[in-house]
Amino acid sequence: MEKFTIYKGTSVPVMNDNIDTDQIIPKQFLKAIDKKGFGKNLFYEWRYLKDYDENPDFILNAPKYKKASLLISGDNFGSGSSREHAAWALSDYGFRAIIAGSYSDIFYNNALKNGLLPIKQPREVLNQLTKLSSQEEITIDLPHQLIITSLGDFHFEIDPIWKDKLINGLDDIGITLQYEEAISAYEQKNQ
Amino acid sequence: MSGKTIFDKLWDQHVIAGNEGEPQLLYIDLHVIHEVTSPQAFQGLREAGRRVRRKDLTYGTLDHNVPTQDIFNIQDLISKKQIDTFTKNVKEFDVPAETHGGKGQGIVHMVAPESGRTQPGKTIVCGDSHTATNGAFGAIAFGIGTSEVEHVLATQTIWQVKPKRMKIEFQGHPQKGIYSKDFILALIAKYGVDAGVGYAVEYSGDAISDLSMEERMTICNMSIEFGAKIGLMNPDEKTYDYVKGREHAPKNFDEAVSKWEKLVSDSDAQYDKILSLDVSQLKPMVTWGTNPGMGLEFGEKFPEINNDLNYERAYQYMDLKPGQTASAIDLGYIFIGSCTNARLGDLEEAAKIIGDRHIADGLTGIVVPGSRPVKEAAEAQGLDKIFKEAGFEWREPGCSACLGMNPDQIPEYVHCASTSNRNFEGRQGHNARTHLCSPAMAAAAAIAGKFVDVRTLVTD
C-alpha cells in the first residue's frame with residue numbers, strides 16, 4: 001500500500017448523495033483479473049457519451065478539473081456493491097483522498113486498504129469546500145488530521161490504528177500473521 | 001447488568017485481539033467466494049507465497065458471469081476468462097467449490113444455506129454486499145472487499161470496528177399479497193438508504209417470527225440497501241428445521257441446537273437505536289426511482305421534486321413525472337430472479353398468481369431460479385411448465401439480469417419489473433429502468449401488462 005502522510009492537490013466536487021459503486025465502476029468492468037487500469041472507466045456512464053467520447057456536461061471532464069486529485073461528494077458515498085474495484089478505479093484515476101458527508105461501511109474499509117483516504121465532513125464544510133477554486137491546492141495533513149485551505153483548516157476524525165497503517169503503508173496480512181499464536185489458540189478452543 | 005443482543009454475543013465470541021471501539025481481529029467461520037471478487041485475492045496470495053489457511057472453512061461458487069442459457073457456450077471471452085481463472089484458482093489452492101453446471105451451483109448467498117454451511121452462531125463473510133442474507137440464520141454475515149478476501153484466505157480472520165446495534169421490529173400480520181420483500185422495501189422507503197450505515201441490524205417482532213426461512217433471507221439480503229452491512233435475526237425452530245439434514249449440517253445436530261438456543265437476544269438487551277414498522281396495513285411496494293429508498297405503496301403518487309438534486313436526476317433517468325402512480329409505468333420486461341427473490345417459495349408465489357394465464361403482449365419475461373437445487377425442486381412441481389406456458393423464458397441459475405454481468409441485460413430505456421435488490425442507474429443494463437417489487441407483484445404485472453395491486457389476485 002502506498003503511504004499517506006501529507007498530500008497536496010486540487011479538488012473537484014461531485015455533489016450527489018448516495019453515489020453507488022455501480023456508478024463509480026459499472027459491472028462490465030469487473031471482469032478483469034488484476035487490479036490495474038480501472039481509472040479509465042471511473043464514472044463510465046456519466047463520463048462518456050459513447051465509445052469513450054467525453055460528456056462535456058460531466059464535471060470531471062471540465063478542463064479546469066482534469067488534474068483534480070481530491071474528490072468532494074455528498075452523503076453515503078460508495079453505497080451498494082462491495083466491489084473493491086470502485087476504490088481501485090478512484091485510485092487509478094488519480095484520486096488520493098475523498099472528502100464526503102459519509103460513506104457506506106464496506107466502501108470505507110476498501111478505500112483505507114488502498115491508501116485512498118476517506119475523510120468525513122459535515123455538510124457546512126462540504127458546501128464551503130465546493131466553493132474553492134479549481135486551481136487551489138488543498139493540503140491533507142493526515143498526521144495532524146487536518147484539511148488546510150484558504151478558507152480555513154478543518155479537522156477530521158480517523159481511527160488511530162487505520163491512521164498508523166496509512167502513514168506507514170503497512171501490509172495488513174503481514175501484521176495479522178504476527179497474531180498466529182492467538183489465532184491457533186482460538187481454533188484449538190473453539191473447533 | 002443488562003442483557004446482551006445476539007449480535008454482541010456472537011461478536012464477543014469471535015474476537016481474537018483488540019478492544020471495542022477500535023479495529024478488532026475477528027475469527028471467520030465461513031468464507032464464501034465467487035469468480036468476480038476473488039481473482040486478485042488469489043493472485044495476492046500467489047505473489048506473497050501464502051496459502052489458504054483453512055480450506056475447510058472456505059467454499060466457492062460461480063454466479064455473476066454465468067450465462068443462463070446455453071451455459072457451456074460462453075460468448076463473452078472476458079467472462080469466460082474470469083470463470084476459468086476461478087476454476088483454476090480453487091483447484092490450485094484446493095478450495096471446495098461448485099463447478100460450472102454442477103448440481104450445487106447457484107448464487108453465492110443461496111448455495112451457502114442450501115449446502116447447510118450457513119448455521120446459527122457463525123461469522124460468515126463473502127466478497128459481495130448481499131452476504132447479510134445469511135444473517136437470517138442468526139449469524140454475523142457481511143460483505144467484504146477483495147483485499148479483505150485475500151486477508152481472510154490467508155489468516156481466516158478480519159479486522160473490523162464493531163458497529164452499533166439497531167433493532168427493527170416488524171409488527172402486525174400482513175394482508176394476503178404482502179410479502180417480506182414489501183416489508184424491507186417499506187422500511188428503506190420510510191427511513192432511507194443510509195439509515196443503517198454504521199449499524200448491525202437485528203430484525204425482530206411477530207411479523208418476522210411468522211415468516212419462513214426463505215422469506216427471512218429476503219429481508220436480511222436487503223440490509224445493505226438500508227445502509228447496514230450486517231442484518232441478522234434470532235434463530236428458532238424454523239431455523240433449525242431448515243439446517244437439519246443438509247449435507248454440511250452439524251453431525252451432532254442436537255448438541256448444536258442446544259448451543260444455538262442460547263444465541264438469542266436477552267429480553268433486557270440494550271440497543272443504540274430501535275425502529276419499528278407496522279405491516280398490518282402495508283400495501284404492495286414498487287420503486288419509481290434510482291435507489292431502493294425511492295419506493296412507494298402501490299397507488300401512491302410519485303413525490304414532488306422540491307429542488308432535490310437526487311430526485312431531479314432520478315426522474316430524468318426513469319422518464320417519469322411527479323404525481324404519476326406505478327400503474328402508469330410502461331413496462332417492457334419482467335425479471336423474476338436474484339439472491340433476493342429466486343428461492344422456491346418465491347417461484348411458487350409467482351406461479352400461483354400466473355395460474356393458467358399468459359403474459360401480456362409486448363412484454364418479455366424471464367424466470368431465473370437462484371440455484372440448481374431450486375431449479376430442480378421447481379421442475380419437480382411443474383412450475384417450469386406454468387411459466388413456459390405463460391410465455392416466460394425458464395432459465396438456468398445465476399445472478400442473471402440483477403446486475404447484467406452476463407448476457408442477461410434489460411434493453412436501453414425499457415422499464416423492468418424486477419424482483420432483485422437494486423434500481424441504480426445502469427445496473428440492469430445501459431439506461432435500463434428498474435422497478436423493484438415482490439415476485440407476486442412482478443407476476444401480476446406480467447399478466448396485466450402494467451403494475452396492478454396483487455392483493456386483488458391472491459387466492460388461498
# chains A, B, ... in the order shown; residues from 1 in each chain; ligands from 1

$ interface_residues --of "chain A" --to "chain B" --cutoff "9 Å" --atoms "only C-alpha atoms" --output "MDAnalysis selection string"
chainID A and resid 16:18 20 22:23 26:35 45 75:76 79:85 102:107 109:110 113:114 159:162 172:173 176:177 179:180 182:183 186:187

$ write_last_selection --atoms "C-alpha atoms" --output "PDB file, in the first residue's frame"
ATOM      1  CA  ASN A  16     -24.782  13.946  -5.455  1.00  0.00           C
ATOM      2  CA  ASP A  17     -25.714  11.897  -2.394  1.00  0.00           C
ATOM      3  CA  ASN A  18     -25.671   8.091  -2.428  1.00  0.00           C
ATOM      4  CA  ASP A  20     -23.161   3.977  -5.618  1.00  0.00           C
ATOM      5  CA  ASP A  22     -22.331   0.809  -9.893  1.00  0.00           C
ATOM      6  CA  GLN A  23     -21.847   4.473 -10.862  1.00  0.00           C
ATOM      7  CA  PRO A  26     -20.043  -0.340 -13.795  1.00  0.00           C
ATOM      8  CA  LYS A  27     -20.293  -4.114 -13.817  1.00  0.00           C
ATOM      9  CA  GLN A  28     -18.930  -4.662 -17.307  1.00  0.00           C
ATOM     10  CA  PHE A  29     -15.503  -3.663 -15.982  1.00  0.00           C
ATOM     11  CA  LEU A  30     -15.491  -6.106 -13.070  1.00  0.00           C
ATOM     12  CA  LYS A  31     -14.409  -8.992 -15.237  1.00  0.00           C
ATOM     13  CA  ALA A  32     -10.719  -8.169 -15.009  1.00  0.00           C
ATOM     14  CA  ILE A  33      -8.499 -10.475 -13.014  1.00  0.00           C
ATOM     15  CA  ASP A  34      -5.954  -7.843 -11.920  1.00  0.00           C
ATOM     16  CA  LYS A  35      -6.217  -4.534 -10.060  1.00  0.00           C
ATOM     17  CA  GLU A  45     -21.868   6.128 -17.530  1.00  0.00           C
ATOM     18  CA  ASP A  75     -23.647  11.542   1.895  1.00  0.00           C
ATOM     19  CA  ASN A  76     -23.425   7.753   1.722  1.00  0.00           C
ATOM     20  CA  SER A  79     -23.108   2.683  -1.354  1.00  0.00           C
ATOM     21  CA  GLY A  80     -24.234  -0.574  -2.906  1.00  0.00           C
ATOM     22  CA  SER A  81     -21.961  -3.330  -4.065  1.00  0.00           C
ATOM     23  CA  SER A  82     -18.833  -4.372  -2.121  1.00  0.00           C
ATOM     24  CA  ARG A  83     -16.701  -4.244  -5.279  1.00  0.00           C
ATOM     25  CA  GLU A  84     -13.217  -3.013  -4.309  1.00  0.00           C
ATOM     26  CA  HIS A  85     -12.900  -2.183  -7.994  1.00  0.00           C
ATOM     27  CA  SER A 102     -20.500   9.856   4.934  1.00  0.00           C
ATOM     28  CA  TYR A 103     -19.516   6.525   3.388  1.00  0.00           C
ATOM     29  CA  SER A 104     -21.003   3.092   3.098  1.00  0.00           C
ATOM     30  CA  ASP A 105     -19.277   0.822   5.625  1.00  0.00           C
ATOM     31  CA  ILE A 106     -17.850  -1.606   3.059  1.00  0.00           C
ATOM     32  CA  PHE A 107     -16.505   1.103   0.750  1.00  0.00           C
ATOM     33  CA  ASN A 109     -12.734  -0.151   4.510  1.00  0.00           C
ATOM     34  CA  ASN A 110     -11.964  -0.787   0.840  1.00  0.00           C
ATOM     35  CA  LYS A 113      -6.980  -0.753   2.274  1.00  0.00           C
ATOM     36  CA  ASN A 114      -5.850   1.014  -0.886  1.00  0.00           C
ATOM     37  CA  ASP A 159      -9.296   5.656  13.854  1.00  0.00           C
ATOM     38  CA  PRO A 160      -5.687   5.784  15.187  1.00  0.00           C
ATOM     39  CA  ILE A 161      -4.948   2.237  14.050  1.00  0.00           C
ATOM     40  CA  TRP A 162      -6.046   2.853  10.458  1.00  0.00           C
ATOM     41  CA  ASP A 172      -2.419  -5.842   6.814  1.00  0.00           C
ATOM     42  CA  ILE A 173      -1.831  -9.546   6.272  1.00  0.00           C
ATOM     43  CA  THR A 176      -2.127 -10.210  11.243  1.00  0.00           C
ATOM     44  CA  LEU A 177       0.290 -13.088  10.761  1.00  0.00           C
ATOM     45  CA  TYR A 179      -1.135 -12.985  15.731  1.00  0.00           C
ATOM     46  CA  GLU A 180      -0.661 -16.562  14.527  1.00  0.00           C
ATOM     47  CA  ALA A 182      -3.639 -16.222  19.147  1.00  0.00           C
ATOM     48  CA  ILE A 183      -5.447 -17.440  16.013  1.00  0.00           C
ATOM     49  CA  TYR A 186      -8.731 -19.659  19.201  1.00  0.00           C
ATOM     50  CA  GLU A 187      -9.049 -22.572  16.788  1.00  0.00           C
TER      51      GLU A 187
END

$ select_by_dssp --residues "region 265-418 of chain B" --states "alpha helix (DSSP H)" --output "number ranges by chain"
B: 309-318, 344-354, 372-380, 383-390

$ write_last_selection --atoms "N, CA and C atoms" --output "mmCIF file, in the first residue's frame"
data_model
loop_
_atom_site.group_PDB
_atom_site.id
_atom_site.type_symbol
_atom_site.label_atom_id
_atom_site.label_comp_id
_atom_site.auth_asym_id
_atom_site.auth_seq_id
_atom_site.Cartn_x
_atom_site.Cartn_y
_atom_site.Cartn_z
ATOM 1 N N LEU B 309 -31.828 17.593 -5.852
ATOM 2 C CA LEU B 309 -30.989 17.214 -6.987
ATOM 3 C C LEU B 309 -31.104 15.712 -7.303
ATOM 4 N N ASN B 310 -31.176 14.903 -6.231
ATOM 5 C CA ASN B 310 -31.237 13.446 -6.409
ATOM 6 C C ASN B 310 -32.554 13.024 -7.069
ATOM 7 N N TYR B 311 -33.656 13.657 -6.651
ATOM 8 C CA TYR B 311 -34.961 13.357 -7.253
ATOM 9 C C TYR B 311 -34.996 13.792 -8.718
ATOM 10 N N GLU B 312 -34.468 14.989 -8.950
ATOM 11 C CA GLU B 312 -34.498 15.544 -10.296
ATOM 12 C C GLU B 312 -33.797 14.595 -11.276
ATOM 13 N N ARG B 313 -32.634 14.151 -10.841
ATOM 14 C CA ARG B 313 -31.851 13.245 -11.668
ATOM 15 C C ARG B 313 -32.572 11.908 -11.872
ATOM 16 N N ALA B 314 -33.205 11.425 -10.805
ATOM 17 C CA ALA B 314 -33.908 10.139 -10.875
ATOM 18 C C ALA B 314 -35.071 10.206 -11.870
ATOM 19 N N TYR B 315 -35.842 11.268 -11.811
ATOM 20 C CA TYR B 315 -36.969 11.414 -12.748
ATOM 21 C C TYR B 315 -36.483 11.469 -14.194
ATOM 22 N N GLN B 316 -35.381 12.194 -14.382
ATOM 23 C CA GLN B 316 -34.830 12.322 -15.725
ATOM 24 C C GLN B 316 -34.417 10.944 -16.264
ATOM 25 N N TYR B 317 -33.734 10.186 -15.415
ATOM 26 C CA TYR B 317 -33.248 8.870 -15.849
ATOM 27 C C TYR B 317 -34.417 7.910 -16.118
ATOM 28 N N MET B 318 -35.421 7.963 -15.232
ATOM 29 C CA MET B 318 -36.524 6.997 -15.325
ATOM 30 C C MET B 318 -37.605 7.439 -16.314
ATOM 31 N N LEU B 344 -37.365 -21.192 -3.867
ATOM 32 C CA LEU B 344 -38.526 -21.982 -4.283
ATOM 33 C C LEU B 344 -39.839 -21.274 -3.927
ATOM 34 N N GLY B 345 -39.927 -20.760 -2.719
ATOM 35 C CA GLY B 345 -41.161 -20.084 -2.281
ATOM 36 C C GLY B 345 -41.508 -18.893 -3.165
ATOM 37 N N ASP B 346 -40.488 -18.172 -3.610
ATOM 38 C CA ASP B 346 -40.715 -17.023 -4.489
ATOM 39 C C ASP B 346 -41.322 -17.470 -5.815
ATOM 40 N N LEU B 347 -40.768 -18.565 -6.349
ATOM 41 C CA LEU B 347 -41.262 -19.056 -7.640
ATOM 42 C C LEU B 347 -42.668 -19.626 -7.484
ATOM 43 N N GLU B 348 -42.925 -20.271 -6.340
ATOM 44 C CA GLU B 348 -44.272 -20.801 -6.084
ATOM 45 C C GLU B 348 -45.300 -19.676 -6.044
ATOM 46 N N GLU B 349 -44.967 -18.587 -5.331
ATOM 47 C CA GLU B 349 -45.911 -17.464 -5.236
ATOM 48 C C GLU B 349 -46.177 -16.846 -6.608
ATOM 49 N N ALA B 350 -45.114 -16.672 -7.385
ATOM 50 C CA ALA B 350 -45.285 -16.090 -8.725
ATOM 51 C C ALA B 350 -46.140 -17.004 -9.600
ATOM 52 N N ALA B 351 -45.877 -18.311 -9.511
ATOM 53 C CA ALA B 351 -46.619 -19.273 -10.342
ATOM 54 C C ALA B 351 -48.095 -19.299 -9.953
ATOM 55 N N LYS B 352 -48.371 -19.151 -8.660
ATOM 56 C CA LYS B 352 -49.763 -19.133 -8.191
ATOM 57 C C LYS B 352 -50.529 -17.962 -8.814
ATOM 58 N N ILE B 353 -49.881 -16.825 -8.891
ATOM 59 C CA ILE B 353 -50.522 -15.643 -9.473
ATOM 60 C C ILE B 353 -50.793 -15.866 -10.964
ATOM 61 N N ILE B 354 -49.825 -16.500 -11.605
ATOM 62 C CA ILE B 354 -49.953 -16.686 -13.057
ATOM 63 C C ILE B 354 -51.028 -17.712 -13.397
ATOM 64 N N ARG B 372 -29.282 -24.377 -8.747
ATOM 65 C CA ARG B 372 -29.721 -25.609 -9.405
ATOM 66 C C ARG B 372 -30.657 -26.426 -8.510
ATOM 67 N N PRO B 373 -30.391 -26.508 -7.188
ATOM 68 C CA PRO B 373 -31.374 -27.215 -6.340
ATOM 69 C C PRO B 373 -32.770 -26.585 -6.423
ATOM 70 N N VAL B 374 -32.852 -25.248 -6.480
ATOM 71 C CA VAL B 374 -34.163 -24.604 -6.600
ATOM 72 C C VAL B 374 -34.790 -24.939 -7.955
ATOM 73 N N LYS B 375 -33.967 -24.912 -8.991
ATOM 74 C CA LYS B 375 -34.487 -25.214 -10.328
ATOM 75 C C LYS B 375 -35.085 -26.628 -10.357
ATOM 76 N N GLU B 376 -34.344 -27.574 -9.782
ATOM 77 C CA GLU B 376 -34.828 -28.963 -9.792
ATOM 78 C C GLU B 376 -36.102 -29.120 -8.977
ATOM 79 N N ALA B 377 -36.137 -28.481 -7.806
ATOM 80 C CA ALA B 377 -37.326 -28.582 -6.957
ATOM 81 C C ALA B 377 -38.534 -27.945 -7.652
ATOM 82 N N ALA B 378 -38.313 -26.836 -8.338
ATOM 83 C CA ALA B 378 -39.406 -26.162 -9.043
ATOM 84 C C ALA B 378 -39.914 -27.036 -10.190
ATOM 85 N N GLU B 379 -38.977 -27.658 -10.893
ATOM 86 C CA GLU B 379 -39.381 -28.506 -12.023
ATOM 87 C C GLU B 379 -40.135 -29.753 -11.538
ATOM 88 N N ALA B 380 -39.733 -30.246 -10.362
ATOM 89 C CA ALA B 380 -40.426 -31.421 -9.805
ATOM 90 C C ALA B 380 -41.890 -31.101 -9.529
ATOM 91 N N LEU B 383 -43.506 -26.198 -11.926
ATOM 92 C CA LEU B 383 -43.578 -24.729 -12.022
ATOM 93 C C LEU B 383 -43.021 -24.231 -13.353
ATOM 94 N N ASP B 384 -41.998 -24.918 -13.847
ATOM 95 C CA ASP B 384 -41.403 -24.505 -15.128
ATOM 96 C C ASP B 384 -42.453 -24.511 -16.234
ATOM 97 N N LYS B 385 -43.362 -25.480 -16.178
ATOM 98 C CA LYS B 385 -44.409 -25.575 -17.214
ATOM 99 C C LYS B 385 -45.362 -24.390 -17.115
ATOM 100 N N ILE B 386 -45.709 -24.015 -15.879
ATOM 101 C CA ILE B 386 -46.611 -22.861 -15.700
ATOM 102 C C ILE B 386 -45.974 -21.614 -16.312
ATOM 103 N N PHE B 387 -44.700 -21.398 -15.996
ATOM 104 C CA PHE B 387 -44.024 -20.202 -16.518
ATOM 105 C C PHE B 387 -43.906 -20.261 -18.050
ATOM 106 N N LYS B 388 -43.484 -21.399 -18.541
ATOM 107 C CA LYS B 388 -43.278 -21.500 -20.000
ATOM 108 C C LYS B 388 -44.591 -21.354 -20.765
ATOM 109 N N GLU B 389 -45.641 -21.994 -20.252
ATOM 110 C CA GLU B 389 -46.935 -21.881 -20.943
ATOM 111 C C GLU B 389 -47.484 -20.459 -20.888
ATOM 112 N N ALA B 390 -47.056 -19.726 -19.864
ATOM 113 C CA ALA B 390 -47.494 -18.319 -19.750
ATOM 114 C C ALA B 390 -46.689 -17.402 -20.661
#

$ residues_around --residues "region 326-336 of chain B" --least-positions-apart "2" --cutoff "8 Å" --atoms "only C-alpha atoms" --output "PyMOL selection string"
chain B and resi 286+288+298-301+320+324+338+341-342+362-368+401+410+414-420+439+442-443+445-446+449-452

$ residues_around --residues "Val14 (chain A)" --least-positions-apart "4" --cutoff "12 Å" --atoms "only C-alpha atoms" --output "ChimeraX atom specification"
/A:18-19,24,43,46-47,58-61,65,68,70-75,77,98-101,126-127,129-130 /B:309

$ select_by_dssp --residues "region 43-173 of chain A" --states "strand (DSSP E)" --output "list in words"
Leu70, Leu71, Ile72, Ser73, Ala97, Ile98, Ile99, Ala100, Leu117, Pro118, Ile119, Lys120, Ile138, Thr139, Ile140, Asp141, Leu146, Ile147, Ile148, Thr149, Gly152, Asp153, Phe154 and His155 of chain A

$ closest_residue --among "B:Asn252, B:Asn221, B:Gln24, B:Thr456" --to "Ala132 (chain B)" --atoms "only C-alpha atoms"
B:Asn221

$ atom_distance --atom1 "CA of Thr459 (chain B)" --atom2 "CA of Gly355 (chain B)"
10.7 Å

$ atom_distance --atom1 "CA of Leu436 (chain B)" --atom2 "CA of Thr287 (chain B)"
5.3 Å

$ atom_distance --atom1 "CA of Arg395 (chain B)" --atom2 "CA of Pro67 (chain B)"
9.2 Å

$ residues_around --residues "Met213 (chain B)" --least-positions-apart "6" --cutoff "8 Å" --atoms "only C-alpha atoms" --output "list in words"
Ala136, Phe137, Lys238, Thr239 and Tyr242 of chain B

$ residues_around --residues "Ile124 (chain B)" --least-positions-apart "4" --cutoff "10 Å" --atoms "only C-alpha atoms" --output "VMD selection string"
chain B and resid 27 to 32 57 to 58 112 117 to 119 131 to 132 134 to 135 139 to 143

$ write_last_selection --atoms "N, CA and C atoms" --output "compact mmCIF listing (two decimals), in the first residue's frame"
# COMPACT_ATOMS: atom_id res chain seq x y z
N TYR B 27 -12.43 -13.90 14.27
CA TYR B 27 -12.28 -15.19 13.58
C TYR B 27 -13.47 -15.40 12.65
N ILE B 28 -13.21 -15.93 11.47
CA ILE B 28 -14.26 -16.16 10.48
C ILE B 28 -14.52 -17.66 10.34
N ASP B 29 -15.79 -18.05 10.53
CA ASP B 29 -16.15 -19.48 10.49
C ASP B 29 -16.46 -19.99 9.08
N LEU B 30 -16.87 -19.08 8.22
CA LEU B 30 -17.19 -19.50 6.84
C LEU B 30 -16.88 -18.35 5.88
N HIS B 31 -16.09 -18.65 4.87
CA HIS B 31 -15.74 -17.66 3.85
C HIS B 31 -16.20 -18.19 2.50
N VAL B 32 -17.16 -17.49 1.92
CA VAL B 32 -17.72 -17.93 0.64
C VAL B 32 -17.15 -17.05 -0.46
N LEU B 57 -12.94 -24.21 5.68
CA LEU B 57 -13.91 -23.18 6.05
C LEU B 57 -14.17 -22.23 4.88
N THR B 58 -13.70 -22.62 3.72
CA THR B 58 -13.84 -21.80 2.51
C THR B 58 -14.70 -22.59 1.52
N ALA B 112 -24.79 -21.27 0.02
CA ALA B 112 -24.23 -21.46 1.37
C ALA B 112 -25.31 -22.01 2.32
N ARG B 117 -24.02 -25.13 5.11
CA ARG B 117 -22.84 -24.47 5.71
C ARG B 117 -23.25 -23.27 6.56
N THR B 118 -24.29 -22.57 6.11
CA THR B 118 -24.77 -21.43 6.89
C THR B 118 -25.52 -21.96 8.11
N GLN B 119 -25.04 -21.56 9.29
CA GLN B 119 -25.64 -22.05 10.54
C GLN B 119 -25.67 -20.92 11.56
N THR B 131 -24.17 -10.46 1.39
CA THR B 131 -23.83 -11.57 2.29
C THR B 131 -24.69 -11.61 3.54
N ALA B 132 -25.23 -10.46 3.95
CA ALA B 132 -26.10 -10.42 5.13
C ALA B 132 -27.30 -11.36 5.01
N ASN B 134 -27.27 -14.38 4.87
CA ASN B 134 -27.01 -15.49 5.80
C ASN B 134 -27.36 -15.14 7.25
N GLY B 135 -27.50 -13.84 7.52
CA GLY B 135 -27.83 -13.39 8.87
C GLY B 135 -29.20 -13.87 9.33
N ALA B 139 -26.58 -15.50 12.26
CA ALA B 139 -25.13 -15.46 12.04
C ALA B 139 -24.74 -14.01 11.80
N ILE B 140 -23.48 -13.68 12.10
CA ILE B 140 -22.97 -12.37 11.70
C ILE B 140 -22.38 -12.55 10.31
N ALA B 141 -23.03 -11.97 9.31
CA ALA B 141 -22.61 -12.19 7.93
C ALA B 141 -22.52 -10.84 7.23
N PHE B 142 -21.41 -10.59 6.56
CA PHE B 142 -21.28 -9.30 5.86
C PHE B 142 -20.37 -9.38 4.65
N GLY B 143 -20.58 -8.41 3.76
CA GLY B 143 -19.80 -8.31 2.54
C GLY B 143 -18.47 -7.64 2.79

$ residues_around --residues "Phe154 (chain A)" --least-positions-apart "5" --cutoff "10 Å" --atoms "only C-alpha atoms" --output "ChimeraX atom specification"
/A:121,125,140,145-149

$ write_last_selection --atoms "N, CA and C atoms" --output "compact mmCIF listing (two decimals), in the first residue's frame"
# COMPACT_ATOMS: atom_id res chain seq x y z
N GLN A 121 -16.82 14.92 6.54
CA GLN A 121 -17.01 16.30 6.96
C GLN A 121 -18.50 16.63 6.98
N VAL A 125 -19.18 22.27 5.93
CA VAL A 125 -17.80 22.29 5.43
C VAL A 125 -17.76 21.88 3.97
N ILE A 140 -3.82 17.97 2.60
CA ILE A 140 -4.40 16.99 3.52
C ILE A 140 -3.26 16.53 4.42
N GLN A 145 -4.40 15.34 11.08
CA GLN A 145 -5.83 15.17 10.78
C GLN A 145 -6.49 16.50 10.40
N LEU A 146 -5.85 17.18 9.44
CA LEU A 146 -6.34 18.49 9.02
C LEU A 146 -6.48 18.60 7.50
N ILE A 147 -7.54 19.31 7.09
CA ILE A 147 -7.67 19.75 5.70
C ILE A 147 -7.32 21.24 5.75
N ILE A 148 -6.28 21.63 5.05
CA ILE A 148 -5.82 23.02 5.12
C ILE A 148 -6.16 23.74 3.82
N THR A 149 -6.99 24.79 3.92
CA THR A 149 -7.42 25.52 2.72
C THR A 149 -7.34 27.02 2.98
